[in-house]
>>> print(open('run_9.pdb').read())   # PDB, C-alpha atoms
ATOM      1  CA  MET A 239      38.865 103.355  59.517
ATOM      2  CA  THR A 240      35.898 102.716  61.800
ATOM      3  CA  MET A 241      35.266 106.285  62.892
ATOM      4  CA  ILE A 242      31.814 105.598  64.387
ATOM      5  CA  ARG A 243      33.637 103.956  67.278
ATOM      6  CA  ARG A 244      34.872 107.375  68.321
ATOM      7  CA  PHE A 245      31.332 108.388  69.151
ATOM      8  CA  LEU A 246      30.539 105.084  70.874
ATOM      9  CA  PHE A 247      33.665 105.467  72.967
ATOM     10  CA  ARG A 248      32.902 109.036  73.919
ATOM     11  CA  PHE A 249      29.389 108.146  75.045
ATOM     12  CA  SER A 250      30.605 105.155  77.065
ATOM     13  CA  ALA A 251      33.448 106.981  78.802
ATOM     14  CA  THR A 252      33.577 109.717  81.400
ATOM     15  CA  LEU A 253      36.670 111.804  80.899
ATOM     16  CA  LEU A 254      37.831 114.328  83.458
ATOM     17  CA  LEU A 255      40.735 116.459  82.297
ATOM     18  CA  LEU A 256      42.591 118.791  84.637
ATOM     19  CA  CYS A 257      45.350 120.859  83.047
ATOM     20  CA  THR A 258      47.587 123.609  84.297
ATOM     21  CA  GLY A 259      48.075 126.685  82.115
ATOM     22  CA  PHE A 260      50.327 126.788  79.076
ATOM     23  CA  ALA A 261      53.783 127.799  80.263
ATOM     24  CA  ASP A 262      53.864 131.595  80.577
ATOM     25  CA  GLY A 263      57.181 133.419  80.825
ATOM     26  CA  GLY A 264      59.088 130.137  80.657
ATOM     27  CA  GLN A 265      57.413 128.733  83.768
ATOM     28  CA  VAL A 266      56.911 124.979  83.485
ATOM     29  CA  ALA A 267      54.557 123.047  85.730
ATOM     30  CA  ALA A 268      55.948 120.288  87.930
ATOM     31  CA  ALA A 269      56.078 116.854  86.329
ATOM     32  CA  ALA A 270      53.373 114.381  87.216
ATOM     33  CA  THR A 271      54.306 112.058  90.035
ATOM     34  CA  ALA A 272      54.619 108.317  89.608
ATOM     35  CA  ALA A 273      51.423 107.911  91.605
ATOM     36  CA  ALA A 274      49.384 110.025  89.166
ATOM     37  CA  PRO A 275      46.604 108.203  87.311
ATOM     38  CA  PRO A 276      47.079 107.312  83.618
ATOM     39  CA  ALA A 277      46.817 110.410  81.446
ATOM     40  CA  ALA A 278      45.535 111.380  78.023
ATOM     41  CA  ILE A 279      45.662 114.952  76.781
ATOM     42  CA  PHE A 280      42.779 116.616  74.941
ATOM     43  CA  LYS A 281      43.675 120.301  75.331
ATOM     44  CA  VAL A 282      45.629 122.619  77.573
ATOM     45  CA  ASP A 283      43.992 125.351  79.624
ATOM     46  CA  THR A 284      45.700 128.608  78.713
ATOM     47  CA  ALA A 285      44.911 132.222  78.002
ATOM     48  CA  GLN A 286      47.437 132.255  75.165
ATOM     49  CA  LYS A 287      45.934 131.974  71.701
ATOM     50  CA  VAL A 288      47.866 128.923  70.568
ATOM     51  CA  VAL A 289      46.551 125.753  68.932
ATOM     52  CA  ALA A 290      48.084 122.515  67.683
ATOM     53  CA  LEU A 291      47.122 121.337  64.212
ATOM     54  CA  THR A 292      47.347 117.543  64.063
ATOM     55  CA  PHE A 293      47.028 115.192  61.098
ATOM     56  CA  ASP A 294      46.539 111.420  61.242
ATOM     57  CA  ILE A 295      47.792 109.307  58.346
ATOM     58  CA  SER A 296      47.138 105.586  58.051
ATOM     59  CA  TRP A 297      46.811 105.016  54.302
ATOM     60  CA  GLY A 298      47.127 106.550  50.873
ATOM     61  CA  GLU A 299      49.495 108.866  49.041
ATOM     62  CA  LYS A 300      47.231 111.423  47.343
ATOM     63  CA  SER A 301      46.238 113.638  50.278
ATOM     64  CA  PRO A 302      49.529 114.225  52.136
ATOM     65  CA  GLY A 303      51.259 116.094  49.299
ATOM     66  CA  PRO A 304      48.625 118.822  48.839
ATOM     67  CA  ILE A 305      48.330 119.282  52.604
ATOM     68  CA  LEU A 306      52.096 119.678  52.945
ATOM     69  CA  ASP A 307      52.106 122.093  50.004
ATOM     70  CA  ILE A 308      49.478 124.250  51.710
ATOM     71  CA  LEU A 309      51.303 124.270  55.048
ATOM     72  CA  GLN A 310      54.458 125.328  53.234
ATOM     73  CA  ALA A 311      52.708 128.017  51.186
ATOM     74  CA  LYS A 312      51.000 129.379  54.306
ATOM     75  CA  HIS A 313      54.293 129.363  56.237
ATOM     76  CA  VAL A 314      52.945 127.001  58.891
ATOM     77  CA  THR A 315      56.077 125.469  60.394
ATOM     78  CA  LYS A 316      54.513 123.905  63.490
ATOM     79  CA  ALA A 317      52.153 120.915  63.228
ATOM     80  CA  THR A 318      52.095 117.331  64.467
ATOM     81  CA  PHE A 319      51.599 114.266  62.257
ATOM     82  CA  PHE A 320      50.591 110.895  63.696
ATOM     83  CA  LEU A 321      51.801 108.195  61.311
ATOM     84  CA  SER A 322      50.971 104.503  61.272
ATOM     85  CA  GLY A 323      53.879 102.086  60.974
ATOM     86  CA  PRO A 324      52.774 100.396  57.729
ATOM     87  CA  TRP A 325      52.080 103.745  56.088
ATOM     88  CA  VAL A 326      55.601 104.971  56.859
ATOM     89  CA  LEU A 327      57.126 101.809  55.398
ATOM     90  CA  HIS A 328      55.059 102.066  52.202
ATOM     91  CA  HIS A 329      55.398 105.828  51.715
ATOM     92  CA  GLN A 330      58.896 106.588  52.891
ATOM     93  CA  GLU A 331      59.492 109.614  50.671
ATOM     94  CA  ILE A 332      56.364 111.379  51.911
ATOM     95  CA  ALA A 333      57.267 110.527  55.500
ATOM     96  CA  ARG A 334      60.740 111.947  54.970
ATOM     97  CA  ARG A 335      59.237 115.116  53.516
ATOM     98  CA  ILE A 336      57.117 115.560  56.663
ATOM     99  CA  LYS A 337      60.249 115.223  58.760
ATOM    100  CA  SER A 338      62.336 117.484  56.506
ATOM    101  CA  MET A 339      59.737 120.245  56.838
ATOM    102  CA  GLY A 340      60.323 120.187  60.572
ATOM    103  CA  PHE A 341      56.946 118.869  61.640
ATOM    104  CA  GLU A 342      56.580 116.829  64.799
ATOM    105  CA  ILE A 343      55.942 113.119  64.314
ATOM    106  CA  GLY A 344      54.025 110.798  66.607
ATOM    107  CA  SER A 345      52.807 107.224  66.327
ATOM    108  CA  HIS A 346      49.378 106.187  65.080
ATOM    109  CA  GLY A 347      50.003 102.552  65.889
ATOM    110  CA  HIS A 348      50.378  99.636  63.499
ATOM    111  CA  MET A 349      47.167  97.727  62.748
ATOM    112  CA  HIS A 350      44.142 100.021  62.803
ATOM    113  CA  LYS A 351      42.218  98.232  65.549
ATOM    114  CA  ASN A 352      40.752  99.507  68.806
ATOM    115  CA  PHE A 353      43.221  99.132  71.663
ATOM    116  CA  SER A 354      40.472  98.726  74.254
ATOM    117  CA  GLU A 355      39.450  95.431  72.636
ATOM    118  CA  GLN A 356      42.935  93.920  72.574
ATOM    119  CA  SER A 357      45.243  92.279  75.110
ATOM    120  CA  ASP A 358      48.202  94.006  76.738
ATOM    121  CA  GLY A 359      50.558  91.801  74.747
ATOM    122  CA  TRP A 360      48.903  92.759  71.467
ATOM    123  CA  ILE A 361      49.082  96.460  72.296
ATOM    124  CA  ARG A 362      52.762  96.218  73.221
ATOM    125  CA  GLU A 363      53.575  94.363  70.010
ATOM    126  CA  GLN A 364      51.677  96.824  67.814
ATOM    127  CA  VAL A 365      53.175  99.894  69.446
ATOM    128  CA  HIS A 366      56.682  98.455  69.174
ATOM    129  CA  LYS A 367      56.134  97.575  65.496
ATOM    130  CA  ALA A 368      55.045 101.124  64.674
ATOM    131  CA  GLU A 369      57.849 102.576  66.762
ATOM    132  CA  GLN A 370      60.451 100.478  64.966
ATOM    133  CA  SER A 371      59.071 101.273  61.505
ATOM    134  CA  ILE A 372      59.205 105.013  62.166
ATOM    135  CA  LYS A 373      62.672 104.698  63.665
ATOM    136  CA  ASP A 374      63.973 102.651  60.714
ATOM    137  CA  VAL A 375      62.724 105.147  58.123
ATOM    138  CA  LEU A 376      63.000 108.478  59.934
ATOM    139  CA  SER A 377      65.487 107.833  62.757
ATOM    140  CA  ILE A 378      62.931 109.143  65.238
ATOM    141  CA  LYS A 379      61.969 107.555  68.556
ATOM    142  CA  THR A 380      58.301 108.404  68.990
ATOM    143  CA  THR A 381      56.988 109.420  72.409
ATOM    144  CA  LEU A 382      53.534 110.677  71.400
ATOM    145  CA  ILE A 383      50.767 108.360  70.267
ATOM    146  CA  ARG A 384      47.249 108.790  68.988
ATOM    147  CA  THR A 385      45.568 105.420  69.157
ATOM    148  CA  PRO A 386      43.666 104.091  66.133
ATOM    149  CA  ASN A 387      40.147 105.572  66.105
ATOM    150  CA  GLY A 388      41.143 107.518  69.218
ATOM    151  CA  ASP A 389      40.091 104.454  71.183
ATOM    152  CA  PHE A 390      41.436 103.401  74.575
ATOM    153  CA  ASN A 391      40.294 102.393  78.022
ATOM    154  CA  ARG A 392      41.955 102.864  81.399
ATOM    155  CA  ARG A 393      43.953  99.641  81.067
ATOM    156  CA  ALA A 394      45.325 100.531  77.613
ATOM    157  CA  LEU A 395      45.997 104.077  78.730
ATOM    158  CA  ALA A 396      47.989 102.926  81.759
ATOM    159  CA  LEU A 397      49.983 100.499  79.596
ATOM    160  CA  LEU A 398      50.854 103.170  77.026
ATOM    161  CA  ASN A 399      51.954 105.560  79.765
ATOM    162  CA  GLN A 400      54.116 102.786  81.257
ATOM    163  CA  MET A 401      55.703 102.317  77.841
ATOM    164  CA  GLY A 402      56.757 105.962  77.888
ATOM    165  CA  TYR A 403      54.067 107.302  75.579
ATOM    166  CA  THR A 404      51.906 110.369  76.016
ATOM    167  CA  VAL A 405      48.451 109.667  74.609
ATOM    168  CA  ILE A 406      47.129 112.564  72.531
ATOM    169  CA  GLN A 407      43.443 113.033  71.803
ATOM    170  CA  TRP A 408      41.753 116.219  70.623
ATOM    171  CA  HIS A 409      39.326 118.919  71.693
ATOM    172  CA  THR A 410      38.157 119.977  68.231
ATOM    173  CA  ASP A 411      37.326 117.278  65.689
ATOM    174  CA  SER A 412      37.144 118.766  62.198
ATOM    175  CA  LEU A 413      35.058 115.753  61.096
ATOM    176  CA  ASP A 414      36.994 115.906  57.833
ATOM    177  CA  TRP A 415      36.983 112.105  57.780
ATOM    178  CA  MET A 416      33.234 112.282  57.083
ATOM    179  CA  ASN A 417      33.789 114.481  54.001
ATOM    180  CA  PRO A 418      30.844 116.692  55.004
ATOM    181  CA  GLY A 419      31.803 119.546  52.677
ATOM    182  CA  VAL A 420      34.577 122.130  52.697
ATOM    183  CA  GLU A 421      32.477 124.844  54.332
ATOM    184  CA  GLN A 422      31.346 122.504  57.104
ATOM    185  CA  ILE A 423      34.918 121.469  57.913
ATOM    186  CA  LYS A 424      36.061 125.087  57.933
ATOM    187  CA  ALA A 425      33.125 126.304  60.042
ATOM    188  CA  ARG A 426      33.475 123.497  62.563
ATOM    189  CA  VAL A 427      37.120 124.258  63.286
ATOM    190  CA  LEU A 428      36.767 128.033  63.333
ATOM    191  CA  THR A 429      33.723 128.002  65.617
ATOM    192  CA  LYS A 430      34.972 125.352  68.049
ATOM    193  CA  ALA A 431      38.682 126.113  68.393
ATOM    194  CA  VAL A 432      39.750 127.568  71.733
ATOM    195  CA  PRO A 433      43.107 128.578  73.231
ATOM    196  CA  GLY A 434      45.181 125.484  73.966
ATOM    197  CA  ASP A 435      43.219 123.378  71.495
ATOM    198  CA  ILE A 436      44.365 120.178  69.829
ATOM    199  CA  ILE A 437      42.649 120.092  66.437
ATOM    200  CA  LEU A 438      42.088 116.740  64.733
ATOM    201  CA  MET A 439      42.431 116.475  60.976
ATOM    202  CA  HIS A 440      43.470 113.706  58.595
ATOM    203  CA  ALA A 441      45.886 113.384  55.709
ATOM    204  CA  SER A 442      44.792 109.901  54.678
ATOM    205  CA  ASP A 443      43.253 109.530  51.248
ATOM    206  CA  SER A 444      39.827 108.818  52.757
ATOM    207  CA  SER A 445      39.648 112.475  53.815
ATOM    208  CA  LYS A 446      39.178 114.053  50.416
ATOM    209  CA  GLN A 447      38.219 117.583  51.448
ATOM    210  CA  THR A 448      40.830 118.406  54.096
ATOM    211  CA  TYR A 449      43.273 120.100  51.742
ATOM    212  CA  LEU A 450      40.455 122.182  50.266
ATOM    213  CA  ALA A 451      39.365 123.464  53.689
ATOM    214  CA  LEU A 452      42.849 123.879  55.150
ATOM    215  CA  PRO A 453      43.801 127.273  53.626
ATOM    216  CA  ALA A 454      40.663 128.920  55.020
ATOM    217  CA  ILE A 455      41.175 127.226  58.387
ATOM    218  CA  ILE A 456      44.728 128.551  58.647
ATOM    219  CA  ASP A 457      43.709 132.042  57.544
ATOM    220  CA  GLY A 458      40.661 132.036  59.813
ATOM    221  CA  LEU A 459      42.575 130.973  62.898
ATOM    222  CA  ARG A 460      45.239 133.588  62.263
ATOM    223  CA  ALA A 461      42.557 136.234  61.793
ATOM    224  CA  LYS A 462      41.279 135.297  65.254
ATOM    225  CA  GLY A 463      44.764 135.863  66.648
ATOM    226  CA  TYR A 464      45.885 132.247  66.908
ATOM    227  CA  SER A 465      49.384 130.964  66.267
ATOM    228  CA  PHE A 466      50.439 127.371  65.716
ATOM    229  CA  VAL A 467      52.560 125.157  67.953
ATOM    230  CA  THR A 468      53.395 121.473  68.043
ATOM    231  CA  VAL A 469      51.621 119.198  70.494
ATOM    232  CA  SER A 470      54.810 118.876  72.548
ATOM    233  CA  GLU A 471      55.140 122.638  72.767
ATOM    234  CA  LEU A 472      51.493 122.938  73.746
ATOM    235  CA  ILE A 473      51.693 120.453  76.592
ATOM    236  CA  SER A 474      55.201 121.244  77.776
ATOM    237  CA  GLY A 475      53.837 123.207  80.687
ATOM    238  CA  ALA A 476      50.809 121.072  81.440
ATOM    239  CA  ARG A 477      50.034 118.235  83.769
ATOM    240  CA  ALA A 478      47.036 116.236  82.562
ATOM    241  CA  ARG A 479      45.008 113.607  84.334
ATOM    242  CA  SER A 480      42.060 111.648  83.009
ATOM    243  CA  THR A 481      39.883 108.850  84.290
ATOM    244  CA  VAL A 482      37.847 106.468  82.184
ATOM    245  CA  GLN A 483      34.857 104.459  83.443
TER     246      GLN A 483
END
>>> encode(input="run_9.pdb", output="structure tokens")
Amino acid sequence: MTMIRRFLFRFSATLLLLCTGFADGGQVAAAATAAAPPAAIFKVDTAQKVVALTFDISWGEKSPGPILDILQAKHVTKATFFLSGPWVLHHQEIARRIKSMGFEIGSHGHMHKNFSEQSDGWIREQVHKAEQSIKDVLSIKTTLIRTPNGDFNRRALALLNQMGYTVIQWHTDSLDWMNPGVEQIKARVLTKAVPGDIILMHASDSSKQTYLALPAIIDGLRAKGYSFVTVSELISGARARSTVQ
């Protein structure tokens, strides 16, 4: 996983995100019009202390089990997992466990390559492959996607929106993929998380410290008054717009 590209992309892109508040009292914002620019969602502006824990999985079978065990032990019933198509096909039992625990499932694409560097046809093919793999194994039609490496440009973003996908990024990156140490992962999340946050973590085997930091992250967020929701619940009342240069 070429994570350095995340930083290159962030420095080369100007992202302007305008969100309405998280739905209070059942009020839901009006849907975006067809003329709205292509959208990616990083967070939702809200006064409510809710956050979405998200986990990307693209390879391996050692990390998901302990992470799922911790979520179960901590009674966290709301989280969103972004699964790559090949991973689902090769680790069907783990994928089914994620579904059986009631967690939300989104797509993490098929081949782990940057969408901004590929043609429209390639992107369509890869998204459809991942979509079909997840559907075959889990009987789920995905509508959320986190692109490999979190990479996209305006063209790829518009295409994904046209395909019916909501592109999900993040506001707080735990940097667990760098394996910087359990305390660093914990401190980064607990100091950076804000209401309406989408928190990026990984359950691939390359992230060896995530499960060690996760209990303290869950406890720390709860101590700050946060509760957990799925990404779909978080954005249900939001209209997001972003532009990429």
>>> resolve_selection(input="run_9.pdb", expression="the PyMOL selection byres ((chain A and resi 361-377) around 10)", output="JSON, numbers by chain")
{"A": [321, 322, 323, 324, 325, 326, 327, 329, 330, 331, 333, 334, 335, 336, 337, 338, 343, 344, 345, 346, 347, 348, 349, 350, 351, 352, 353, 354, 355, 356, 357, 358, 359, 360, 378, 379, 380, 381, 383, 385, 394, 397, 398, 401, 403]}
>>> resolve_selection(input="run_9.pdb", expression="the PyMOL selection byres ((chain A and resi 406) around 7)", output="list in words")
Ala278, Ile279, Phe280, Leu382, Ile383, Arg384, Thr404, Val405, Gln407 and Trp408 of chain A
>>> residues_near_point(input="run_9.pdb", point="(44.6, 119.8, 59.2)", cutoff="12 Å", atoms="only C-alpha atoms", output="JSON, numbers by chain")
{"A": [289, 290, 291, 292, 293, 294, 295, 301, 302, 304, 305, 306, 308, 309, 314, 316, 317, 318, 319, 320, 410, 411, 412, 413, 414, 415, 423, 424, 427, 436, 437, 438, 439, 440, 441, 442, 445, 446, 447, 448, 449, 450, 451, 452, 453, 454, 455, 456, 459, 466]}
>>> closest_residue(input="run_9.pdb", among="A:Asp389, A:Glu299, A:Asp283, A:Asp435", to="Ser465 in chain A", atoms="all atoms listed in the file")
A:Asp435
>>> axis_aligned_box(input="run_9.pdb", around="range 424-427 of chain A", padding_each_side="8 Å", output="lines of an AutoDock Vina configuration file")
center_x = 35.1
center_y = 124.9
center_z = 60.6
size_x = 20.0
size_y = 18.8
size_z = 21.4
>>> atom_distance(input="run_9.pdb", atom1="CA of Val288 in chain A", atom2="CA of Tyr464 in chain A")
5.3 Å
>>> closest_residue(input="run_9.pdb", among="A:Gly458, A:Ala311, A:Ile473, A:Ala431", to="Lys287 in chain A", atoms="all atoms listed in the file")
A:Ala431
>>> closest_residue(input="run_9.pdb", among="A:Gly298, A:Phe341, A:Arg392, A:Asn417", to="Glu471 in chain A", atoms="only C-alpha atoms")
A:Phe341
>>> closest_residue(input="run_9.pdb", among="A:Glu421, A:Gly434, A:Met339, A:Ser296", to="His313 in chain A", atoms="all atoms listed in the file")
A:Met339
>>> atom_distance(input="run_9.pdb", atom1="CA of Val282 in chain A", atom2="CA of Pro433 in chain A")
7.8 Å
>>> build_atoms(input="run_9.pdb", residues="range 315-344 of chain A", atoms="N, CA and C atoms", output="PDB file, in the coordinates of the input")
ATOM      1  N   THR A 315      54.899 126.298  60.129  1.00  0.00           N
ATOM      2  CA  THR A 315      56.077 125.469  60.394  1.00  0.00           C
ATOM      3  C   THR A 315      55.891 124.566  61.598  1.00  0.00           C
ATOM      4  N   LYS A 316      54.761 124.712  62.297  1.00  0.00           N
ATOM      5  CA  LYS A 316      54.513 123.905  63.490  1.00  0.00           C
ATOM      6  C   LYS A 316      53.210 123.121  63.320  1.00  0.00           C
ATOM      7  N   ALA A 317      53.305 121.812  63.277  1.00  0.00           N
ATOM      8  CA  ALA A 317      52.153 120.915  63.228  1.00  0.00           C
ATOM      9  C   ALA A 317      52.647 119.543  63.668  1.00  0.00           C
ATOM     10  N   THR A 318      51.719 118.673  64.012  1.00  0.00           N
ATOM     11  CA  THR A 318      52.095 117.331  64.467  1.00  0.00           C
ATOM     12  C   THR A 318      51.373 116.290  63.614  1.00  0.00           C
ATOM     13  N   PHE A 319      52.144 115.342  63.089  1.00  0.00           N
ATOM     14  CA  PHE A 319      51.599 114.266  62.257  1.00  0.00           C
ATOM     15  C   PHE A 319      51.704 112.950  63.015  1.00  0.00           C
ATOM     16  N   PHE A 320      50.606 112.215  63.083  1.00  0.00           N
ATOM     17  CA  PHE A 320      50.591 110.895  63.696  1.00  0.00           C
ATOM     18  C   PHE A 320      50.537 109.865  62.572  1.00  0.00           C
ATOM     19  N   LEU A 321      51.622 109.095  62.440  1.00  0.00           N
ATOM     20  CA  LEU A 321      51.801 108.195  61.311  1.00  0.00           C
ATOM     21  C   LEU A 321      51.723 106.745  61.750  1.00  0.00           C
ATOM     22  N   SER A 322      51.003 105.933  60.976  1.00  0.00           N
ATOM     23  CA  SER A 322      50.971 104.503  61.272  1.00  0.00           C
ATOM     24  C   SER A 322      52.233 103.847  60.726  1.00  0.00           C
ATOM     25  N   GLY A 323      52.662 102.776  61.381  1.00  0.00           N
ATOM     26  CA  GLY A 323      53.879 102.086  60.974  1.00  0.00           C
ATOM     27  C   GLY A 323      53.852 101.604  59.537  1.00  0.00           C
ATOM     28  N   PRO A 324      52.809 100.872  59.113  1.00  0.00           N
ATOM     29  CA  PRO A 324      52.774 100.396  57.729  1.00  0.00           C
ATOM     30  C   PRO A 324      52.780 101.523  56.712  1.00  0.00           C
ATOM     31  N   TRP A 325      52.099 102.633  57.034  1.00  0.00           N
ATOM     32  CA  TRP A 325      52.080 103.745  56.088  1.00  0.00           C
ATOM     33  C   TRP A 325      53.488 104.298  55.889  1.00  0.00           C
ATOM     34  N   VAL A 326      54.232 104.449  56.967  1.00  0.00           N
ATOM     35  CA  VAL A 326      55.601 104.971  56.859  1.00  0.00           C
ATOM     36  C   VAL A 326      56.453 104.059  55.988  1.00  0.00           C
ATOM     37  N   LEU A 327      56.330 102.752  56.177  1.00  0.00           N
ATOM     38  CA  LEU A 327      57.126 101.809  55.398  1.00  0.00           C
ATOM     39  C   LEU A 327      56.778 101.857  53.915  1.00  0.00           C
ATOM     40  N   HIS A 328      55.489 102.079  53.599  1.00  0.00           N
ATOM     41  CA  HIS A 328      55.059 102.066  52.202  1.00  0.00           C
ATOM     42  C   HIS A 328      55.181 103.422  51.517  1.00  0.00           C
ATOM     43  N   HIS A 329      55.333 104.481  52.297  1.00  0.00           N
ATOM     44  CA  HIS A 329      55.398 105.828  51.715  1.00  0.00           C
ATOM     45  C   HIS A 329      56.549 106.604  52.355  1.00  0.00           C
ATOM     46  N   GLN A 330      57.730 106.049  52.190  1.00  0.00           N
ATOM     47  CA  GLN A 330      58.896 106.588  52.891  1.00  0.00           C
ATOM     48  C   GLN A 330      59.261 107.996  52.437  1.00  0.00           C
ATOM     49  N   GLU A 331      59.117 108.285  51.155  1.00  0.00           N
ATOM     50  CA  GLU A 331      59.492 109.614  50.671  1.00  0.00           C
ATOM     51  C   GLU A 331      58.582 110.690  51.246  1.00  0.00           C
ATOM     52  N   ILE A 332      57.285 110.398  51.333  1.00  0.00           N
ATOM     53  CA  ILE A 332      56.364 111.379  51.911  1.00  0.00           C
ATOM     54  C   ILE A 332      56.666 111.563  53.389  1.00  0.00           C
ATOM     55  N   ALA A 333      56.929 110.444  54.076  1.00  0.00           N
ATOM     56  CA  ALA A 333      57.267 110.527  55.500  1.00  0.00           C
ATOM     57  C   ALA A 333      58.524 111.360  55.712  1.00  0.00           C
ATOM     58  N   ARG A 334      59.495 111.170  54.847  1.00  0.00           N
ATOM     59  CA  ARG A 334      60.740 111.947  54.970  1.00  0.00           C
ATOM     60  C   ARG A 334      60.492 113.420  54.684  1.00  0.00           C
ATOM     61  N   ARG A 335      59.559 113.709  53.786  1.00  0.00           N
ATOM     62  CA  ARG A 335      59.237 115.116  53.516  1.00  0.00           C
ATOM     63  C   ARG A 335      58.614 115.759  54.762  1.00  0.00           C
ATOM     64  N   ILE A 336      57.723 115.039  55.434  1.00  0.00           N
ATOM     65  CA  ILE A 336      57.117 115.560  56.663  1.00  0.00           C
ATOM     66  C   ILE A 336      58.204 115.896  57.675  1.00  0.00           C
ATOM     67  N   LYS A 337      59.150 114.983  57.823  1.00  0.00           N
ATOM     68  CA  LYS A 337      60.249 115.223  58.760  1.00  0.00           C
ATOM     69  C   LYS A 337      61.116 116.389  58.303  1.00  0.00           C
ATOM     70  N   SER A 338      61.435 116.452  57.018  1.00  0.00           N
ATOM     71  CA  SER A 338      62.336 117.484  56.506  1.00  0.00           C
ATOM     72  C   SER A 338      61.735 118.882  56.641  1.00  0.00           C
ATOM     73  N   MET A 339      60.404 118.957  56.681  1.00  0.00           N
ATOM     74  CA  MET A 339      59.737 120.245  56.838  1.00  0.00           C
ATOM     75  C   MET A 339      59.695 120.680  58.296  1.00  0.00           C
ATOM     76  N   GLY A 340      60.216 119.826  59.174  1.00  0.00           N
ATOM     77  CA  GLY A 340      60.323 120.187  60.572  1.00  0.00           C
ATOM     78  C   GLY A 340      59.101 119.895  61.420  1.00  0.00           C
ATOM     79  N   PHE A 341      58.150 119.154  60.880  1.00  0.00           N
ATOM     80  CA  PHE A 341      56.946 118.869  61.640  1.00  0.00           C
ATOM     81  C   PHE A 341      57.194 117.767  62.662  1.00  0.00           C
ATOM     82  N   GLU A 342      56.465 117.840  63.753  1.00  0.00           N
ATOM     83  CA  GLU A 342      56.580 116.829  64.799  1.00  0.00           C
ATOM     84  C   GLU A 342      55.894 115.546  64.340  1.00  0.00           C
ATOM     85  N   ILE A 343      56.479 114.414  64.731  1.00  0.00           N
ATOM     86  CA  ILE A 343      55.942 113.119  64.314  1.00  0.00           C
ATOM     87  C   ILE A 343      55.654 112.259  65.537  1.00  0.00           C
ATOM     88  N   GLY A 344      54.428 111.735  65.575  1.00  0.00           N
ATOM     89  CA  GLY A 344      54.025 110.798  66.607  1.00  0.00           C
ATOM     90  C   GLY A 344      53.551 109.510  65.974  1.00  0.00           C
TER      91      GLY A 344
END
